[in-house]
$ cat query-v1.txt   # compact mmCIF, C-alpha atoms
# COMPACT_ATOMS: atom_id res chain seq x y z
CA MET A 270 7.30 -185.53 -261.74
CA ALA A 271 4.39 -183.83 -263.51
CA LYS A 272 2.27 -181.52 -261.44
CA THR A 273 -1.48 -181.09 -261.81
CA LEU A 274 -3.12 -177.66 -262.20
CA GLU A 275 -4.41 -177.96 -258.65
CA GLY A 276 -0.85 -178.55 -257.55
CA TYR A 277 0.30 -175.26 -259.08
CA ILE A 278 -2.64 -173.37 -257.61
CA GLY A 279 -1.97 -174.91 -254.22
CA GLU A 280 1.67 -173.86 -254.45
CA LEU A 281 0.68 -170.31 -255.44
CA ARG A 282 -1.70 -170.06 -252.54
CA SER A 283 0.94 -171.09 -250.05
CA THR A 284 3.40 -168.40 -251.19
CA ARG A 285 4.15 -165.54 -248.84
CA ALA A 286 2.78 -162.89 -251.24
CA TRP A 287 -0.57 -164.67 -251.60
CA ARG A 288 -0.83 -165.22 -247.86
CA SER A 289 -0.12 -161.55 -247.18
CA VAL A 290 -3.07 -160.53 -249.40
CA PHE A 291 -5.61 -163.21 -248.53
CA ARG A 292 -4.55 -163.99 -244.94
CA GLY A 293 -6.25 -167.40 -244.76
CA GLY A 294 -4.24 -170.34 -246.01
CA SER A 295 -5.17 -172.94 -248.57
CA GLY A 296 -6.92 -176.16 -247.74
CA ALA A 297 -10.11 -177.95 -248.45
CA SER A 298 -11.49 -178.34 -244.93
CA ASN A 299 -14.83 -176.74 -244.06
CA LEU A 300 -13.04 -174.45 -241.64
CA ARG A 301 -10.74 -173.20 -244.40
CA ARG A 302 -13.66 -172.68 -246.77
CA SER A 303 -15.58 -170.79 -244.10
CA MET A 304 -12.61 -168.59 -243.34
CA ALA A 305 -12.14 -167.77 -247.02
CA VAL A 306 -15.57 -166.16 -246.95
CA GLN A 307 -15.50 -164.80 -243.43
CA GLN A 308 -12.12 -163.09 -243.72
CA ASN A 309 -12.78 -161.39 -247.06
CA VAL A 310 -14.15 -157.86 -246.77
CA PHE A 311 -16.50 -158.33 -249.73
CA LEU A 312 -17.56 -161.92 -249.13
CA HIS A 313 -18.05 -161.56 -245.40
CA LEU A 314 -21.38 -159.82 -246.06
CA ALA A 315 -22.65 -163.22 -247.16
CA SER A 316 -23.09 -166.38 -245.11
CA VAL A 317 -20.25 -168.91 -245.01
CA LYS A 318 -22.79 -171.62 -245.70
CA ILE A 319 -26.26 -171.65 -247.21
CA SER A 320 -28.89 -174.24 -247.89
CA ARG A 321 -29.13 -175.89 -251.31
CA LYS A 322 -32.79 -174.82 -251.43
CA SER A 323 -31.95 -171.13 -251.38
CA LEU A 324 -29.65 -171.59 -254.36
CA ALA A 325 -32.40 -173.22 -256.45
CA PHE A 326 -33.95 -171.15 -259.21
CA ARG A 327 -37.43 -171.49 -257.77
CA ALA A 328 -36.48 -169.85 -254.46
CA THR A 329 -35.71 -166.40 -255.88
CA TRP A 330 -35.71 -166.62 -259.69
CA PHE A 331 -32.35 -164.86 -259.09
CA LEU A 332 -34.19 -161.53 -259.36
CA GLY A 333 -32.19 -159.76 -256.65
CA THR A 334 -28.88 -160.91 -258.14
CA LEU A 335 -30.03 -159.84 -261.60
CA SER A 336 -31.04 -156.39 -260.25
CA PHE A 337 -27.57 -156.02 -258.74
CA GLY A 338 -26.05 -157.18 -262.03
CA THR A 339 -27.83 -154.42 -263.95
CA PHE A 340 -26.70 -151.95 -261.27
CA LEU A 341 -23.07 -152.97 -261.86
CA ILE A 342 -23.49 -152.65 -265.65
CA LEU A 343 -25.00 -149.18 -265.11
CA VAL A 344 -22.11 -148.08 -262.90
CA VAL A 345 -19.47 -149.22 -265.41
CA THR A 346 -21.20 -147.88 -268.54
CA GLY A 347 -22.22 -144.70 -266.69
CA ILE A 348 -18.64 -143.90 -265.71
CA LEU A 349 -17.55 -144.41 -269.32
CA LEU A 350 -20.33 -142.15 -270.62
CA MET A 351 -19.25 -139.45 -268.15
CA LEU A 352 -15.92 -139.20 -270.00
CA TYR A 353 -17.66 -137.68 -273.05
CA TYR A 354 -20.64 -135.90 -271.48
CA HIS A 355 -20.62 -132.25 -270.27
CA PRO A 356 -23.61 -131.35 -268.10
CA SER A 357 -24.04 -127.87 -269.62
CA VAL A 358 -26.90 -126.47 -271.69
CA PRO A 359 -24.99 -125.78 -274.91
CA GLN A 360 -23.16 -129.11 -274.88
CA ALA A 361 -25.30 -131.81 -273.30
CA TYR A 362 -27.47 -132.58 -276.33
CA ALA A 363 -24.51 -132.40 -278.73
CA ASP A 364 -22.48 -134.72 -276.48
CA MET A 365 -25.32 -137.23 -276.47
CA LYS A 366 -25.39 -137.06 -280.29
CA ASP A 367 -21.60 -137.47 -280.37
CA LEU A 368 -21.85 -140.54 -278.18
CA ARG A 369 -24.28 -142.01 -280.67
CA PHE A 370 -22.61 -141.10 -283.95
CA VAL A 371 -18.98 -140.13 -283.37
CA VAL A 372 -17.48 -141.90 -280.35
CA SER A 373 -16.23 -145.45 -281.00
CA ALA A 374 -18.55 -147.92 -279.25
CA GLY A 375 -20.42 -144.89 -277.86
CA VAL A 376 -23.75 -146.03 -279.21
CA PHE A 377 -23.18 -149.48 -277.70
CA LEU A 378 -22.37 -148.07 -274.24
CA ARG A 379 -25.22 -145.58 -274.33
CA ASN A 380 -27.75 -148.20 -275.39
CA LEU A 381 -26.38 -150.64 -272.83
CA HIS A 382 -26.83 -147.95 -270.16
CA ARG A 383 -30.34 -147.16 -271.33
CA TRP A 384 -31.56 -150.74 -271.66
CA SER A 385 -29.96 -151.78 -268.38
CA ALA A 386 -31.75 -148.89 -266.71
CA HIS A 387 -35.09 -150.09 -268.06
CA ALA A 388 -34.20 -153.67 -267.09
CA MET A 389 -33.19 -152.61 -263.58
CA VAL A 390 -36.52 -150.88 -262.91
CA PHE A 391 -38.35 -153.96 -264.21
CA LEU A 392 -36.17 -156.40 -262.23
CA VAL A 393 -36.44 -154.43 -258.99
CA PHE A 394 -40.23 -154.45 -259.28
CA ALA A 395 -40.21 -158.18 -260.15
CA HIS A 396 -37.89 -158.85 -257.17
CA MET A 397 -40.26 -157.02 -254.85
CA PHE A 398 -43.32 -158.83 -256.20
CA LYS A 399 -41.52 -162.15 -255.74
CA VAL A 400 -40.55 -161.25 -252.16
CA PHE A 401 -44.06 -160.02 -251.45
CA TYR A 402 -45.94 -163.04 -252.79
CA ARG A 403 -43.52 -165.50 -251.15
CA GLY A 404 -44.12 -163.72 -247.84
CA ALA A 405 -40.37 -163.18 -247.52
CA TYR A 406 -40.89 -159.68 -246.10
CA ARG A 407 -42.21 -161.11 -242.83
CA SER A 408 -40.33 -161.34 -239.55
CA PRO A 409 -37.38 -161.42 -239.14
CA ARG A 410 -36.87 -159.76 -242.52
CA GLU A 411 -39.11 -156.67 -242.10
CA PHE A 412 -36.20 -154.25 -241.90
CA ASN A 413 -34.63 -155.61 -245.06
CA TRP A 414 -37.97 -155.07 -246.79
CA VAL A 415 -37.91 -151.44 -245.66
CA ILE A 416 -34.40 -151.03 -247.05
CA GLY A 417 -35.66 -152.64 -250.24
CA VAL A 418 -38.45 -150.07 -250.52
CA ILE A 419 -35.90 -147.25 -250.12
CA LEU A 420 -33.74 -148.91 -252.79
CA LEU A 421 -36.79 -149.00 -255.08
CA LEU A 422 -37.25 -145.26 -254.56
CA ILE A 423 -33.56 -144.65 -255.28
CA THR A 424 -33.87 -146.76 -258.45
CA LEU A 425 -36.81 -144.65 -259.61
CA LEU A 426 -35.01 -141.40 -258.74
CA LEU A 427 -31.93 -142.57 -260.67
CA SER A 428 -34.21 -143.29 -263.61
CA TYR A 429 -35.86 -139.88 -263.31
CA THR A 430 -32.65 -137.85 -262.93
CA GLY A 431 -30.97 -139.74 -265.78
CA TYR A 432 -33.93 -138.94 -268.01
CA LEU A 433 -33.03 -135.23 -268.09
CA LEU A 434 -29.40 -135.65 -269.09
CA PRO A 435 -29.85 -136.11 -272.90
CA TRP A 436 -31.38 -132.60 -272.75
CA ASP A 437 -33.81 -133.21 -275.61
CA GLN A 438 -37.48 -132.23 -275.84
CA LEU A 439 -38.65 -135.46 -274.21
CA ALA A 440 -36.29 -134.94 -271.28
CA TYR A 441 -37.09 -131.26 -270.87
CA TRP A 442 -40.87 -131.65 -270.78
CA ALA A 443 -40.79 -134.82 -268.69
CA ILE A 444 -38.83 -133.00 -265.99
CA THR A 445 -41.05 -129.92 -266.34
CA VAL A 446 -44.12 -132.08 -265.73
CA GLY A 447 -42.43 -134.09 -262.97
CA SER A 448 -41.21 -131.06 -261.08
CA ASN A 449 -44.65 -129.42 -261.36
CA LEU A 450 -46.17 -132.57 -259.87
CA MET A 451 -43.81 -132.09 -256.94
CA SER A 452 -44.94 -128.51 -256.39
CA ALA A 453 -48.44 -129.85 -255.69
CA VAL A 454 -47.16 -131.05 -252.29
CA PRO A 455 -48.78 -128.82 -249.65
CA VAL A 456 -46.71 -126.04 -248.02
CA VAL A 457 -43.19 -127.20 -249.00
CA GLY A 458 -43.88 -128.26 -252.60
CA GLN A 459 -42.96 -124.98 -254.33
CA LYS A 460 -39.88 -124.50 -252.19
CA PHE A 461 -38.74 -128.07 -252.75
CA ARG A 462 -39.15 -127.71 -256.51
CA PHE A 463 -37.09 -124.51 -256.40
CA LEU A 464 -34.30 -126.24 -254.48
CA MET A 465 -34.34 -129.30 -256.73
CA LEU A 466 -34.21 -127.29 -259.96
CA GLY A 467 -31.97 -124.57 -258.55
CA GLY A 468 -34.35 -122.02 -260.12
CA ASN A 469 -37.89 -121.48 -261.32
CA THR A 470 -37.59 -123.32 -264.62
CA VAL A 471 -35.80 -126.41 -265.91
CA ASN A 472 -32.53 -124.76 -266.84
CA ALA A 473 -28.74 -124.94 -266.55
CA ASN A 474 -28.89 -125.26 -262.76
CA ALA A 475 -31.43 -128.07 -262.96
CA LEU A 476 -29.26 -129.95 -265.47
CA LEU A 477 -26.22 -129.68 -263.22
CA ARG A 478 -28.12 -130.64 -260.07
CA PHE A 479 -29.69 -133.66 -261.76
CA TYR A 480 -26.25 -134.65 -263.08
CA VAL A 481 -24.72 -134.57 -259.59
CA LEU A 482 -27.67 -136.46 -258.14
CA HIS A 483 -27.55 -139.03 -260.93
CA CYS A 484 -23.78 -139.60 -260.97
CA VAL A 485 -22.73 -139.11 -257.35
CA ILE A 486 -25.35 -138.81 -254.63
CA LEU A 487 -27.91 -141.43 -255.65
CA PRO A 488 -25.40 -144.14 -256.72
CA LEU A 489 -23.49 -143.71 -253.45
CA ALA A 490 -26.71 -143.96 -251.46
CA ALA A 491 -27.71 -147.04 -253.45
CA ALA A 492 -24.30 -148.70 -252.94
CA PHE A 493 -24.41 -147.99 -249.20
CA LEU A 494 -27.92 -149.42 -248.80
CA LEU A 495 -27.13 -152.41 -251.04
CA MET A 496 -24.30 -153.27 -248.67
CA VAL A 497 -26.68 -153.24 -245.71
CA HIS A 498 -29.31 -155.11 -247.77
CA PHE A 499 -26.90 -157.99 -248.56
CA TRP A 500 -25.51 -158.13 -245.04
CA ARG A 501 -29.01 -158.33 -243.58
CA ILE A 502 -29.72 -161.48 -245.65
CA ARG A 503 -27.10 -163.28 -243.58
CA LYS A 504 -28.13 -161.64 -240.32
CA ASP A 505 -31.81 -162.50 -240.88
CA GLY A 506 -31.00 -166.19 -241.29
CA GLY A 507 -30.38 -166.52 -245.00
CA LEU A 508 -32.76 -166.32 -247.91
CA HIS A 509 -36.39 -167.14 -247.39
CA THR A 510 -37.03 -170.43 -249.19
CA GLY A 511 -40.69 -171.09 -248.50
CA ALA A 512 -43.57 -170.45 -246.17
CA SER A 513 -42.99 -173.53 -244.02
CA ASP A 514 -39.23 -173.26 -243.47
CA SER A 515 -38.78 -169.71 -242.30
CA HIS A 516 -36.71 -170.92 -239.33
CA GLU A 517 -34.62 -173.38 -241.28
CA MET E 39 -24.05 -133.25 -200.32
CA ASP E 40 -20.98 -135.40 -200.47
CA LYS E 41 -18.78 -135.78 -203.50
CA LEU E 42 -20.22 -139.15 -204.61
CA SER E 43 -23.77 -137.92 -205.08
CA GLU E 44 -22.55 -134.74 -206.71
CA GLU E 45 -20.71 -136.49 -209.56
CA PRO E 46 -23.67 -137.94 -211.51
CA SER E 47 -25.53 -134.61 -211.63
CA ARG E 48 -22.46 -132.89 -213.04
CA ARG E 49 -22.13 -135.69 -215.60
CA GLU E 50 -25.81 -135.28 -216.48
CA ALA E 51 -25.31 -131.57 -216.97
CA PHE E 52 -22.42 -132.22 -219.35
CA VAL E 53 -24.47 -134.78 -221.27
CA LYS E 54 -27.31 -132.26 -221.59
CA LEU E 55 -24.87 -129.60 -222.70
CA GLY E 56 -23.48 -132.02 -225.28
CA ILE E 57 -26.93 -132.94 -226.61
CA GLY E 58 -27.83 -129.26 -226.77
CA ALA E 59 -24.65 -128.46 -228.69
CA VAL E 60 -25.31 -131.29 -231.17
CA CYS E 61 -28.90 -130.06 -231.67
CA ALA E 62 -27.70 -126.48 -232.23
CA ALA E 63 -25.09 -127.71 -234.70
CA GLY E 64 -27.78 -129.75 -236.49
CA VAL E 65 -30.09 -126.75 -236.83
CA GLY E 66 -27.16 -124.64 -238.00
CA ALA E 67 -26.12 -127.24 -240.58
CA ALA E 68 -29.70 -127.52 -241.84
CA SER E 69 -30.10 -123.77 -242.31
CA PHE E 70 -26.61 -123.52 -243.80
CA GLY E 71 -27.49 -126.31 -246.25
CA TYR E 72 -30.81 -124.70 -247.13
CA GLU E 73 -29.16 -121.33 -247.79
CA PHE E 74 -26.42 -122.95 -249.86
CA LEU E 75 -28.91 -124.88 -252.02
CA SER E 76 -31.08 -121.79 -252.72
CA PRO E 77 -29.44 -119.80 -255.53
CA ASN E 78 -29.19 -116.09 -254.70
CA VAL E 79 -28.70 -115.01 -258.30
CA LEU E 80 -30.65 -116.59 -261.14
CA TYR E 81 -29.50 -116.25 -264.72
CA GLU E 82 -33.02 -116.70 -266.03
CA PRO E 83 -34.51 -114.55 -268.82
CA SER E 84 -36.18 -111.29 -267.83
CA PRO E 85 -39.92 -111.61 -267.20
CA ILE E 86 -40.59 -108.60 -269.45
CA ALA E 87 -40.94 -109.52 -273.14
CA ASN E 88 -40.98 -106.99 -275.98
CA ALA E 89 -43.61 -107.78 -278.63
CA GLY E 90 -42.75 -104.90 -280.98
CA LYS E 91 -45.05 -102.34 -282.55
CA PRO E 92 -48.80 -102.93 -282.13
CA ASP E 93 -49.71 -102.19 -285.78
CA GLN E 94 -48.16 -105.48 -286.95
CA TYR E 95 -50.95 -107.43 -285.21
CA PRO E 96 -54.24 -107.25 -287.17
CA VAL E 97 -57.50 -107.34 -285.25
CA GLY E 98 -58.55 -110.91 -284.54
CA SER E 99 -55.00 -112.27 -284.61
CA VAL E 100 -53.59 -114.66 -282.03
CA THR E 101 -49.78 -114.60 -282.07
CA GLN E 102 -47.66 -117.05 -280.13
CA ASP E 103 -44.18 -116.07 -278.99
CA LEU E 104 -42.56 -119.48 -278.53
CA LYS E 105 -39.43 -118.14 -276.90
CA ALA E 106 -41.26 -116.02 -274.34
CA GLY E 107 -44.00 -118.64 -273.84
CA ILE E 108 -46.87 -116.15 -274.28
CA TYR E 109 -49.79 -115.38 -276.58
CA LEU E 110 -50.49 -111.85 -277.77
CA VAL E 111 -54.08 -111.46 -278.91
CA HIS E 112 -55.51 -108.44 -280.69
CA GLY E 113 -59.19 -108.89 -279.95
CA PRO E 114 -62.04 -106.56 -280.92
CA ASP E 115 -61.74 -104.87 -277.49
CA GLY E 116 -57.99 -104.41 -277.66
CA PHE E 117 -54.75 -106.23 -276.87
CA TYR E 118 -54.26 -108.83 -274.19
CA SER E 119 -51.60 -111.40 -273.44
CA MET E 120 -51.80 -114.84 -271.86
CA SER E 121 -49.24 -117.28 -270.56
CA ALA E 122 -48.74 -120.19 -272.96
CA THR E 123 -47.78 -122.47 -270.06
CA CYS E 124 -50.50 -125.02 -269.36
CA THR E 125 -51.98 -124.65 -265.87
CA HIS E 126 -52.05 -128.43 -265.50
CA LEU E 127 -48.37 -129.45 -265.32
CA GLY E 128 -46.49 -126.67 -267.07
CA CYS E 129 -46.17 -127.84 -270.68
CA LEU E 130 -46.05 -125.31 -273.50
CA THR E 131 -49.42 -125.06 -275.28
CA LYS E 132 -49.94 -124.29 -278.96
CA TRP E 133 -52.44 -122.09 -280.78
CA ASN E 134 -54.34 -124.06 -283.41
CA ALA E 135 -55.69 -121.46 -285.86
CA ASP E 136 -57.89 -123.92 -287.80
CA LEU E 137 -59.85 -124.99 -284.74
CA GLY E 138 -59.53 -121.64 -282.99
CA ILE E 139 -58.26 -123.39 -279.89
CA ILE E 140 -55.18 -123.47 -277.66
CA ALA E 141 -54.15 -127.08 -277.11
CA CYS E 142 -51.64 -128.68 -274.75
CA PRO E 143 -49.70 -131.64 -276.19
CA CYS E 144 -48.99 -133.29 -272.85
CA HIS E 145 -52.36 -134.25 -271.40
CA GLY E 146 -54.88 -132.85 -273.88
CA SER E 147 -56.12 -129.70 -272.15
CA LYS E 148 -57.84 -127.23 -274.50
CA PHE E 149 -58.50 -123.53 -274.01
CA ASN E 150 -60.33 -120.95 -276.13
CA GLU E 151 -58.70 -117.72 -277.32
CA ARG E 152 -59.62 -116.04 -274.03
CA GLY E 153 -57.82 -118.74 -272.04
CA VAL E 154 -60.97 -120.38 -270.70
CA LYS E 155 -60.61 -124.13 -270.41
CA VAL E 156 -62.92 -126.07 -272.73
CA ASP E 157 -61.53 -129.57 -272.25
CA GLY E 158 -58.97 -131.65 -270.37
CA PRO E 159 -57.43 -131.79 -266.88
CA ALA E 160 -56.22 -128.17 -266.51
CA PRO E 161 -57.51 -126.84 -263.18
CA ARG E 162 -57.45 -123.11 -264.05
CA PRO E 163 -57.81 -120.89 -267.14
CA LEU E 164 -54.64 -119.54 -268.74
CA PRO E 165 -53.58 -116.48 -266.74
CA TRP E 166 -53.75 -113.08 -268.40
CA LEU E 167 -50.55 -111.06 -268.26
CA LYS E 168 -49.93 -107.37 -267.86
CA VAL E 169 -49.54 -105.57 -271.23
CA TRP E 170 -48.58 -101.93 -271.72
CA LEU E 171 -46.97 -99.63 -274.26
CA SER E 172 -43.42 -98.49 -273.74
CA ASP E 173 -42.33 -94.89 -274.33
CA GLU E 174 -41.05 -95.99 -277.73
CA GLY E 175 -44.48 -97.39 -278.61
CA ASP E 176 -43.55 -101.07 -278.23
CA LEU E 177 -45.90 -103.58 -276.66
CA LEU E 178 -44.40 -104.96 -273.45
CA VAL E 179 -45.62 -108.02 -271.58
CA ASP E 180 -44.71 -108.75 -267.96
CA ARG E 181 -44.79 -112.53 -267.66
CA ALA E 182 -44.51 -112.36 -263.87
CA THR E 183 -47.61 -110.16 -263.33
CA THR E 184 -51.10 -111.50 -263.93
CA VAL E 185 -54.16 -109.33 -264.45
CA PRO E 186 -57.85 -110.29 -264.21
CA PRO E 187 -59.27 -111.61 -267.52
CA GLY E 188 -61.03 -108.88 -269.48
CA GLU E 189 -58.37 -106.20 -268.96
CA PHE E 190 -57.62 -104.98 -272.47
CA LEU E 191 -55.05 -102.54 -273.75
CA ARG E 192 -56.60 -100.18 -276.26
CA THR E 193 -54.22 -98.48 -278.66
$ encode --input "query-v1.txt" --output "structure tokens"
Amino acid sequence: MAKTLEGYIGELRSTRAWRSVFRGGSGASNLRRSMAVQQNVFLHLASVKISRKSLAFRATWFLGTLSFGTFLILVVTGILLMLYYHPSVPQAYADMKDLRFVVSAGVFLRNLHRWSAHAMVFLVFAHMFKVFYRGAYRSPREFNWVIGVILLLITLLLSYTGYLLPWDQLAYWAITVGSNLMSAVPVVGQKFRFLMLGGNTVNANALLRFYVLHCVILPLAAAFLLMVHFWRIRKDGGLHTGASDSHE
Amino acid sequence: MDKLSEEPSRREAFVKLGIGAVCAAGVGAASFGYEFLSPNVLYEPSPIANAGKPDQYPVGSVTQDLKAGIYLVHGPDGFYSMSATCTHLGCLTKWNADLGIIACPCHGSKFNERGVKVDGPAPRPLPWLKVWLSDEGDLLVDRATTVPPGEFLRT
């Protein structure tokens, strides 16, 4: 007797190995579907059920999802770029040149990283404008708005720290200007600039500190807050779909 | 006082002790972190730059040392040196001999050959730096020490 594709998948999902990984069994009941989401460590951040309205394009223009998509592209391409990049003064610029002209697919990955970074800044701003003009920041979603503002700041800091890493003239003077802006902060400005650069001028220490911030500290902070950001969507009653149905 | 009423006050004392210990540890961690993040040794170039023998600079010349980030000017009243770092946001300025002006490429500040601002957002004139002759007769400039404008070195 011929089996359908669904039959094979159903058989696979009832095997002991599958059940040991995914815990919940197969089945098409609403309970089973809910449990598939609820019992998965990644999916459980999201609701087990959402309204059709919140899935429509007009509700969000998918801007938050697109921002997260660019973040994922940046993580993947960034890790690959790290395999050829040394954050040291004699090598950084040459490594960037190598990535463009010597490494196979290097120019593709570097440009993908660069354009995704620009796109992410644009999309995060667009996402926030959309949330703001739809009034989606209002109760009970105020705290998620605050997290969103912090995520915007992290996005801009990632952009700023990544700007230094090619170690060309544009990077050097942009960070010189930016760090001098910071020293205009009363009382702590000079000290903060010194700690950020690890010295008095944009130099080897600054390059290394920006590299660590760009590749470790800021992405981890962003990932942590993104997790809370997504979880709060469910906890705050799902996506905001319009002014009149905030308690839908 | 019986034992029952004594217990909560002892518990409170332990809680206070615990909070105090956490606060002390927090302050310690903050100062530890601050000390760790402040480099104790900097491998930055020496602030003193050697500009060579004075007779190579004719009177009326403005010479820019790109590496040291300074100007050495041999004016009619003698030598003086200025920082080439713009007082606005720290970009490196450039001497434009045709216009007789020091210009910053970043935000368009302009200074004359005495460092006085003539245009742009720079809040202060270019600082004058200490210039003196070494025992060997070389001109030395201390980039970390400013002097009031109008202090010339006569040779």
$ closest_atom_pairs --input "query-v1.txt" --of "region 423-481 of chain A" --to "region 71-93 of chain E" --cutoff "7 Å" --atoms "only C-alpha atoms" --output "JSON lines"
{"residue": "A:Leu464", "atom": "CA", "partner": "E:Ser76", "partner_atom": "CA", "distance": 5.8}
{"residue": "A:Gly467", "atom": "CA", "partner": "E:Pro77", "partner_atom": "CA", "distance": 6.2}
{"residue": "A:Gly468", "atom": "CA", "partner": "E:Leu80", "partner_atom": "CA", "distance": 6.6}
$ write_last_selection --input "query-v1.txt" --atoms "C-alpha atoms" --output "compact mmCIF listing (two decimals), in the coordinates of the input"
# COMPACT_ATOMS: atom_id res chain seq x y z
CA LEU A 464 -34.30 -126.24 -254.48
CA GLY A 467 -31.97 -124.57 -258.55
CA GLY A 468 -34.35 -122.02 -260.12
$ closest_residue --input "query-v1.txt" --among "A:Lys504, A:Arg478, A:Arg282, A:His387" --to "chain E" --atoms "all atoms listed in the file"
A:Arg478
$ interface_residues --input "query-v1.txt" --of "chain A" --to "chain E" --cutoff "12 Å" --atoms "only C-alpha atoms" --output "PyMOL selection string"
chain A and resi 438-439+441-453+460-475+478
$ residues_around --input "query-v1.txt" --residues "Thr101 (chain E)" --least-positions-apart "3" --cutoff "7 Å" --atoms "all atoms listed in the file" --output "list of chain:residue names"
E:Tyr109, E:Leu110, E:Val111
$ closest_residue --input "query-v1.txt" --among "A:Phe340, A:Tyr277, A:Phe326, A:Phe394" --to "Leu489 (chain A)" --atoms "all atoms listed in the file"
A:Phe340
$ residues_near_point --input "query-v1.txt" --point "(-32.0, -146.8, -249.0)" --cutoff "9 Å" --atoms "all atoms listed in the file" --output "number ranges by chain"
A: 415-423, 490-495, 497-498
$ closest_residue --input "query-v1.txt" --among "E:Cys124, E:Ala160, E:Ile108, E:Cys142" --to "Ala182 (chain E)" --atoms "only C-alpha atoms"
E:Ile108
$ residues_around --input "query-v1.txt" --residues "region 372-384 of chain A" --least-positions-apart "6" --cutoff "9 Å" --atoms "all atoms listed in the file" --output "PyMOL selection string"
chain A and resi 342-347+349-350+353+365
$ closest_residue --input "query-v1.txt" --among "E:Arg49, E:His145, E:His112, E:Lys155" --to "Phe190 (chain E)" --atoms "only C-alpha atoms"
E:His112
$ closest_residue --input "query-v1.txt" --among "E:Pro165, E:Gly107, E:Gly98, E:Ser172" --to "Gly138 (chain E)" --atoms "all atoms listed in the file"
E:Gly98
$ closest_residue --input "query-v1.txt" --among "A:Ser289, A:Ser428, A:Ser385, A:Ser357" --to "Cys484 (chain A)" --atoms "all atoms listed in the file"
A:Ser428
$ residues_around --input "query-v1.txt" --residues "Arg501 (chain A)" --least-positions-apart "4" --cutoff "9 Å" --atoms "only C-alpha atoms" --output "PyMOL selection string"
chain A and resi 314-315+410+412-413+496-497+505-507
